[in-house]
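I have placed the structure first, in the form of structure tokens, so that the comments after it can refer back to it.
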Amino acid sequence: EKEIYQKGLNYARPPFSFNALDWEGLASERMSAESRGYSIGSAGTGETLRKNREAFSKWSITPSRLIGTKSFPDLSTRVLDKKLPFPIAIAPVGVQKIFNPEGELASARAAAAQDVPYIMSTASSTSIEDVAKANGDGERWFQLYWPSREQDDITISILNRAKTSGFSALIVTLDTYILGWRPSDMNNGYNPFLRSDQIGVEIGFSDPVWTAQFKEKHGGSPQDNLGAAAAEWTRTIFPGFSHGWEDIKFLQEHWQGPIILKGIQTVADAKKCVEVGVQGLVVSNHGGRQVDGGNSSLGILPRIVDAVGDKIEVLFDSGIRCGADIAKAMALGAKMCLIGRPFVYGMVLGGEEGVSHVLKALLGDLELTLHLAGITSTSPDVLNRDVLVRESDFF
Ligand code: FNR
């Protein structure tokens with residue numbers, strides 16, 4: 001059995017706080033203004049970001065007593081026909097080298113060490129092949145920022161690289177065909193994908209098809225034309241316009257494996273996911289970084305679960321900060337929660353060890369929260385809406 005922080009008072013001093021709400025402030029002090037704005041920031045006035053957090057307080061866990069347990073809760077979950085020891089995954093986050101010089105290598109190693117699936121972003125600052133090596137025999141999924149259909153050859157090349165490198169599922173992000181209105185980045189004059197180094201564009205620069213096309217068009221290598229190449233790769237992964245539901249077929253033809261659509265926020269779209277035959281969806285609003293004035297991700301989760309939860313895997317992110325948040329999202333029907341900003345802060349505060357600390361702290365907190373609430377596992381048989389009340393019902 002994997003060691004996570006648990007079972008009472010026997011702690012060694014942690015590398016940094018056990019209090020998940022401290023992480024953002026601690027990391028903020030250690031980051032450049034640009035990295036701080038990019039990670040902590042959000043779209044517009046931050047209304048969606050705030051609502052993501054507020055939504056968790058509207059639900060409360062109701063503990064049961066004298067249930068007669070002899071073991072700690074079983075945290076395992078089943079996703080895509082695989083039994084996973086823990087119900088969390090590392091969310092796809094781009095350009096991680098702006099947070100720590102080791103970047104994705106640190107988080108991919110931590111994920112493998114803690115037995116937590118790693119979702120690699122198309123906007124990574126480390127190549128697909130190097131992340132796979134760092135992740136070893138860990139469970140890993142690839143997140144696609146989907147080039148326009150005029151660039152299908154590049155999409156196919158990326159998918160083939162991911163497949164060859166042992167990424168077993170494809171997560172397709174639908175909410176970011178262009179970056180949102182993000183005042184903190186705009187005020188800093190900062191776009192992490194248009195830096196004067198190669199950090200924001202590594203996947204393109206390491207792609208044989210894309211670099212060959214670039215050389216043909218510009219006569220030199222991307223490295224010799226860094227500015228033009230960065231701008232071109234950025235347009236490739238953020239093409240500006242949305243695909244249509246009919247385009248999903250193309251991905252199904254070129255990715256032999258499960259496909260999960262990330263960024264679903266309506267019941268109608270969740271039903272379309274079932275219709276087009278993908279294996280799962282992530283209820284997510286990208287952590288409030290895309291549409292401001294949007295609904296909380298947790299708020300819409302139960303309706304989506306009610307509509308499609310028995311036909312397709314429903315995963316969740318946006319706003320998860322502690323063990324109780326994971327418990328609530330799962331009680332509302334999510335099979336797994338993706339951890340976004342908290343692991344980024346862990347990476348700022350301590351690289352691989354920092355990410356491991358964040359994952360272990362979240363899981364230790366989840367374990368004791370369930371244990372003390374008399375909930376014996378994350379199975380929907382016992383972790384379901386019967387353990388929640390709406391806080392407003394009391395008043
Ligand atoms: C993201 N997210 C993201 N999503 C994605 O599909 N591809 C990506 O490259 C990125 N990059 C990224 C960078 C940073 C700095 C953040 C904070 C987020 C979104 C991410 O996967 C997830 O949906 C959110 O982070 C969830 O919200 P919280 O929990 O961070 O508030």
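Identifiers for the structure tokens are assigned positionally: chains receive A, B, ... in sequence, residues are indexed from 1 per chain, and ligands are indexed from 1 in the order shown.
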
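The shell of residues at most 10 Å from region 23-25 of chain A, with only C-alpha atoms counted and near chain neighbours (fewer than 5 positions) removed, consists of Phe16, Ser17, Phe18, Arg30, Arg36, Ser39, Ile40, Arg321, Arg341, Pro342, Phe343, Val344, Tyr345, Gly346, Val348, Leu349 and Val358 of chain A.
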
Written selection (C-alpha atoms) as a short mmCIF file (atom, residue, chain, number, x, y, z; two decimals), in the first residue's frame:
data_model
loop_
_atom_site.label_atom_id
_atom_site.label_comp_id
_atom_site.auth_asym_id
_atom_site.auth_seq_id
_atom_site.Cartn_x
_atom_site.Cartn_y
_atom_site.Cartn_z
CA PHE A 16 6.06 23.42 3.01
CA SER A 17 2.64 23.88 4.52
CA PHE A 18 0.07 21.09 4.88
CA ARG A 30 8.51 32.91 -5.32
CA ARG A 36 2.30 34.68 -11.12
CA SER A 39 -0.93 30.79 -13.07
CA ILE A 40 -2.98 32.60 -10.44
CA ARG A 321 -8.23 22.69 -3.54
CA ARG A 341 -3.19 25.10 -9.88
CA PRO A 342 -2.32 23.30 -6.60
CA PHE A 343 0.28 21.08 -8.29
CA VAL A 344 1.68 24.12 -10.14
CA TYR A 345 2.21 25.83 -6.78
CA GLY A 346 3.85 22.67 -5.46
CA VAL A 348 7.14 26.34 -7.74
CA LEU A 349 7.77 25.56 -4.07
CA VAL A 358 0.78 18.41 -2.83
#

Chain A near ligand 1 within 6 Å: what's each residue's closest atom pair and its distance in Å to one decimal, counting only C-alpha atoms and all ligand atoms, ordered by chain then ascending residue number, as CSV?
residue,atom,partner,partner_atom_place_in_ligand_line,distance
A:Tyr38,CA,ligand 1,15 (C),5.8
A:Ser39,CA,ligand 1,15 (C),4.0
A:Ala91,CA,ligand 1,21 (O),4.4
A:Pro92,CA,ligand 1,21 (O),4.2
A:Val93,CA,ligand 1,11 (N),3.4
A:Gly94,CA,ligand 1,9 (O),3.8
A:Ser121,CA,ligand 1,9 (O),4.6
A:Ala123,CA,ligand 1,9 (O),5.0
A:Thr173,CA,ligand 1,6 (O),4.9
A:Ser284,CA,ligand 1,23 (O),5.8
A:His286,CA,ligand 1,23 (O),3.7
A:Gly287,CA,ligand 1,27 (O),3.1
A:Asp317,CA,ligand 1,26 (C),5.0
A:Ser318,CA,ligand 1,27 (O),3.4
A:Gly319,CA,ligand 1,29 (O),4.1
A:Ile320,CA,ligand 1,29 (O),4.9
A:Ile339,CA,ligand 1,29 (O),5.6
A:Gly340,CA,ligand 1,25 (O),3.6
A:Arg341,CA,ligand 1,30 (O),3.8

To one decimal place in Å, what is the distance between CA of Glu34 (chain A) and CA of Gly351 (chain A)?
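Those two atoms sit 18.6 Å apart.
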
Contacts of Val276 (chain A) within 12 Å, only C-alpha atoms, excl. fewer than 3 positions in-chain, as a PDB file with C-alpha atoms, in the first residue's frame:
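File out29.pdb, as written:
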ATOM      1  CA  GLY A 244     -17.399  21.004 -35.198  1.00  0.00           C
ATOM      2  CA  TRP A 245     -18.831  17.829 -33.663  1.00  0.00           C
ATOM      3  CA  GLU A 246     -18.444  16.139 -37.059  1.00  0.00           C
ATOM      4  CA  ASP A 247     -14.646  16.527 -36.775  1.00  0.00           C
ATOM      5  CA  ILE A 248     -14.446  14.127 -33.809  1.00  0.00           C
ATOM      6  CA  LYS A 249     -14.582  11.293 -36.343  1.00  0.00           C
ATOM      7  CA  PHE A 250     -11.164  12.336 -37.620  1.00  0.00           C
ATOM      8  CA  LEU A 251      -9.650  11.914 -34.146  1.00  0.00           C
ATOM      9  CA  GLN A 252     -11.349   8.548 -33.719  1.00  0.00           C
ATOM     10  CA  ILE A 259     -10.933   9.764 -26.166  1.00  0.00           C
ATOM     11  CA  ILE A 260     -12.119  12.169 -23.461  1.00  0.00           C
ATOM     12  CA  LEU A 261     -13.455  15.653 -24.300  1.00  0.00           C
ATOM     13  CA  ASP A 269     -22.895  19.015 -25.040  1.00  0.00           C
ATOM     14  CA  ALA A 270     -22.565  16.095 -22.632  1.00  0.00           C
ATOM     15  CA  LYS A 271     -25.274  14.269 -24.610  1.00  0.00           C
ATOM     16  CA  LYS A 272     -23.417  15.038 -27.837  1.00  0.00           C
ATOM     17  CA  CYS A 273     -20.308  13.424 -26.348  1.00  0.00           C
ATOM     18  CA  GLN A 279     -15.409   7.390 -23.933  1.00  0.00           C
ATOM     19  CA  GLY A 280     -15.502  10.286 -21.486  1.00  0.00           C
ATOM     20  CA  LEU A 281     -15.729  13.982 -20.746  1.00  0.00           C
ATOM     21  CA  ILE A 312     -19.701   7.683 -20.351  1.00  0.00           C
TER      22      ILE A 312
END

Near-Phe99 (chain A) list (7 Å; only C-alpha atoms; drop same-chain fewer than 4 positions) as a ChimeraX atom specification
/A:35,103,347-348

Going by DSSP on the backbone, which bits of region 232-349 of chain A are alpha helix (DSSP H)? Write them as a PyMOL selection string, please.
chain A and resi 232-237+248-254+267-276+297-308+323-331+341-349

Saved selection, atoms kept: N, CA and C atoms, as a compact mmCIF listing (two decimals), in the first residue's frame:
# COMPACT_ATOMS: atom_id res chain seq x y z
N GLU A 232 4.22 31.04 -35.21
CA GLU A 232 3.55 30.08 -36.07
C GLU A 232 3.07 28.84 -35.30
N TRP A 233 3.89 28.33 -34.40
CA TRP A 233 3.46 27.16 -33.60
C TRP A 233 2.27 27.54 -32.71
N THR A 234 2.31 28.75 -32.16
CA THR A 234 1.21 29.19 -31.30
C THR A 234 -0.10 29.24 -32.10
N ARG A 235 -0.02 29.72 -33.35
CA ARG A 235 -1.23 29.72 -34.20
C ARG A 235 -1.66 28.30 -34.54
N THR A 236 -0.70 27.38 -34.61
CA THR A 236 -1.04 25.99 -34.92
C THR A 236 -1.89 25.37 -33.79
N ILE A 237 -1.47 25.59 -32.53
CA ILE A 237 -2.21 24.91 -31.45
C ILE A 237 -3.39 25.74 -30.93
N ILE A 248 -14.91 15.12 -34.80
CA ILE A 248 -14.45 14.13 -33.81
C ILE A 248 -14.10 12.80 -34.50
N LYS A 249 -14.83 12.52 -35.57
CA LYS A 249 -14.58 11.29 -36.34
C LYS A 249 -13.11 11.18 -36.77
N PHE A 250 -12.57 12.31 -37.19
CA PHE A 250 -11.16 12.34 -37.62
C PHE A 250 -10.25 11.85 -36.49
N LEU A 251 -10.50 12.34 -35.27
CA LEU A 251 -9.65 11.91 -34.15
C LEU A 251 -9.84 10.43 -33.87
N GLN A 252 -11.09 9.97 -33.98
CA GLN A 252 -11.35 8.55 -33.72
C GLN A 252 -10.66 7.66 -34.75
N GLU A 253 -10.52 8.18 -35.98
CA GLU A 253 -9.82 7.40 -37.02
C GLU A 253 -8.32 7.33 -36.76
N HIS A 254 -7.78 8.38 -36.13
CA HIS A 254 -6.32 8.46 -36.00
C HIS A 254 -5.81 8.21 -34.60
N VAL A 267 -25.44 20.31 -20.41
CA VAL A 267 -26.03 18.98 -20.54
C VAL A 267 -26.14 18.61 -22.01
N ALA A 268 -26.48 19.58 -22.85
CA ALA A 268 -26.64 19.31 -24.29
C ALA A 268 -25.31 18.81 -24.87
N ASP A 269 -24.20 19.45 -24.52
CA ASP A 269 -22.90 19.01 -25.04
C ASP A 269 -22.51 17.65 -24.48
N ALA A 270 -22.87 17.40 -23.22
CA ALA A 270 -22.56 16.10 -22.63
C ALA A 270 -23.28 14.99 -23.42
N LYS A 271 -24.53 15.26 -23.81
CA LYS A 271 -25.27 14.27 -24.61
C LYS A 271 -24.63 14.08 -25.98
N LYS A 272 -24.10 15.17 -26.54
CA LYS A 272 -23.42 15.04 -27.84
C LYS A 272 -22.16 14.18 -27.71
N CYS A 273 -21.48 14.28 -26.57
CA CYS A 273 -20.31 13.42 -26.35
C CYS A 273 -20.71 11.95 -26.47
N VAL A 274 -21.87 11.61 -25.89
CA VAL A 274 -22.35 10.23 -25.98
C VAL A 274 -22.68 9.89 -27.42
N GLU A 275 -23.38 10.81 -28.09
CA GLU A 275 -23.78 10.56 -29.50
C GLU A 275 -22.60 10.30 -30.41
N VAL A 276 -21.51 11.08 -30.26
CA VAL A 276 -20.38 10.89 -31.18
C VAL A 276 -19.49 9.72 -30.75
N SER A 297 -18.08 25.24 -12.30
CA SER A 297 -18.00 23.90 -12.88
C SER A 297 -18.73 22.90 -11.99
N LEU A 298 -18.59 23.02 -10.66
CA LEU A 298 -19.25 22.08 -9.75
C LEU A 298 -20.78 22.18 -9.85
N GLY A 299 -21.26 23.40 -10.09
CA GLY A 299 -22.71 23.60 -10.15
C GLY A 299 -23.38 22.75 -11.23
N ILE A 300 -22.73 22.66 -12.38
CA ILE A 300 -23.35 21.94 -13.50
C ILE A 300 -23.09 20.43 -13.41
N LEU A 301 -22.10 20.03 -12.58
CA LEU A 301 -21.70 18.61 -12.54
C LEU A 301 -22.86 17.63 -12.31
N PRO A 302 -23.72 17.84 -11.29
CA PRO A 302 -24.75 16.81 -11.06
C PRO A 302 -25.73 16.67 -12.22
N ARG A 303 -26.01 17.76 -12.91
CA ARG A 303 -26.94 17.65 -14.05
C ARG A 303 -26.32 16.83 -15.18
N ILE A 304 -25.03 17.04 -15.38
CA ILE A 304 -24.35 16.28 -16.44
C ILE A 304 -24.27 14.81 -16.06
N VAL A 305 -23.98 14.54 -14.78
CA VAL A 305 -23.95 13.15 -14.31
C VAL A 305 -25.32 12.49 -14.50
N ASP A 306 -26.38 13.22 -14.16
CA ASP A 306 -27.72 12.65 -14.30
C ASP A 306 -28.04 12.34 -15.76
N ALA A 307 -27.53 13.18 -16.67
CA ALA A 307 -27.86 12.99 -18.09
C ALA A 307 -27.05 11.87 -18.74
N VAL A 308 -25.77 11.74 -18.38
CA VAL A 308 -24.91 10.80 -19.14
C VAL A 308 -24.03 9.90 -18.27
N GLY A 323 -9.08 17.93 0.19
CA GLY A 323 -9.69 16.61 0.18
C GLY A 323 -11.21 16.65 0.15
N ALA A 324 -11.80 17.56 0.92
CA ALA A 324 -13.26 17.63 0.96
C ALA A 324 -13.82 18.00 -0.42
N ASP A 325 -13.09 18.83 -1.17
CA ASP A 325 -13.55 19.19 -2.52
C ASP A 325 -13.63 17.94 -3.41
N ILE A 326 -12.61 17.10 -3.30
CA ILE A 326 -12.60 15.86 -4.09
C ILE A 326 -13.78 14.98 -3.68
N ALA A 327 -14.00 14.88 -2.36
CA ALA A 327 -15.11 14.06 -1.85
C ALA A 327 -16.45 14.59 -2.38
N LYS A 328 -16.62 15.90 -2.39
CA LYS A 328 -17.90 16.47 -2.85
C LYS A 328 -18.10 16.22 -4.34
N ALA A 329 -17.07 16.45 -5.14
CA ALA A 329 -17.22 16.23 -6.60
C ALA A 329 -17.54 14.77 -6.87
N MET A 330 -16.92 13.86 -6.12
CA MET A 330 -17.20 12.44 -6.34
C MET A 330 -18.58 12.07 -5.84
N ALA A 331 -19.01 12.67 -4.73
CA ALA A 331 -20.37 12.41 -4.24
C ALA A 331 -21.40 12.88 -5.28
N ARG A 341 -4.10 24.13 -10.52
CA ARG A 341 -3.19 25.10 -9.88
C ARG A 341 -2.45 24.55 -8.66
N PRO A 342 -3.08 23.75 -7.78
CA PRO A 342 -2.32 23.30 -6.60
C PRO A 342 -1.01 22.59 -6.94
N PHE A 343 -0.99 21.76 -7.99
CA PHE A 343 0.28 21.08 -8.29
C PHE A 343 1.29 22.07 -8.89
N VAL A 344 0.78 23.09 -9.60
CA VAL A 344 1.68 24.12 -10.14
C VAL A 344 2.37 24.84 -8.98
N TYR A 345 1.61 25.16 -7.94
CA TYR A 345 2.21 25.83 -6.78
C TYR A 345 3.22 24.91 -6.10
N GLY A 346 2.90 23.63 -6.03
CA GLY A 346 3.85 22.67 -5.46
C GLY A 346 5.15 22.63 -6.24
N MET A 347 5.02 22.72 -7.57
CA MET A 347 6.20 22.70 -8.43
C MET A 347 7.06 23.95 -8.20
N VAL A 348 6.41 25.10 -8.03
CA VAL A 348 7.14 26.34 -7.74
C VAL A 348 7.87 26.20 -6.41
N LEU A 349 7.22 25.60 -5.43
CA LEU A 349 7.77 25.56 -4.07
C LEU A 349 8.78 24.45 -3.86

Exercise: Asn135 (chain A) partners within 10 Å, only C-alpha atoms, chain neighbours under 2 positions left out, as a list in words
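Here the answer would be Glu104, Leu105, Ala106, Ser107, Ala108, Arg109, Ala110, Ala111, Ala112, Ala113, Pro117, Tyr118, Glu129, Asp130, Val131, Ala132, Lys133, Asp137, Gly138, Glu139, Arg140 and Gly166 of chain A.
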
At what distance in Å, to one decimal, does CA of Lys335 (chain A) lie from CA of Lys83 (chain A)?
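That distance, rounded to one decimal, is 11.3 Å.
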
Applying 8 Å and only C-alpha atoms, which residues near Leu370 (chain A) remain after dropping the ones on its own chain fewer than 6 positions away? List them as an MDAnalysis selection string.
chainID A and resid 73 327 376:377

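Comparing A:Val355, A:Leu80, A:Val278, A:Leu383 by their smallest distance to Asn100 (chain A), the closest is A:Val355 (using only C-alpha atoms).
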
Counting only C-alpha atoms, the option among A:Asn160, A:Ser71, A:Ser42, A:Asn52 closest to Ile375 (chain A)
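Of the candidates, the smallest distance to Ile375 (chain A) is held by A:Ser71.
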
Assign secondary structure with DSSP using the backbone only, and return the residues of region 128-320 of chain A in strand (DSSP E or B) as a count of residues only.
24

May I have the residues within 6 Å of Phe142 (chain A) as a ChimeraX atom specification, using only C-alpha atoms and disregarding those fewer than 2 positions away in the same chain?
/A:119-120,167,170-171

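Nearest residue to Lys311 (chain A), choosing from A:Pro239, A:Gly277, A:Val291, A:Ser221 and counting only C-alpha atoms: A:Gly277.
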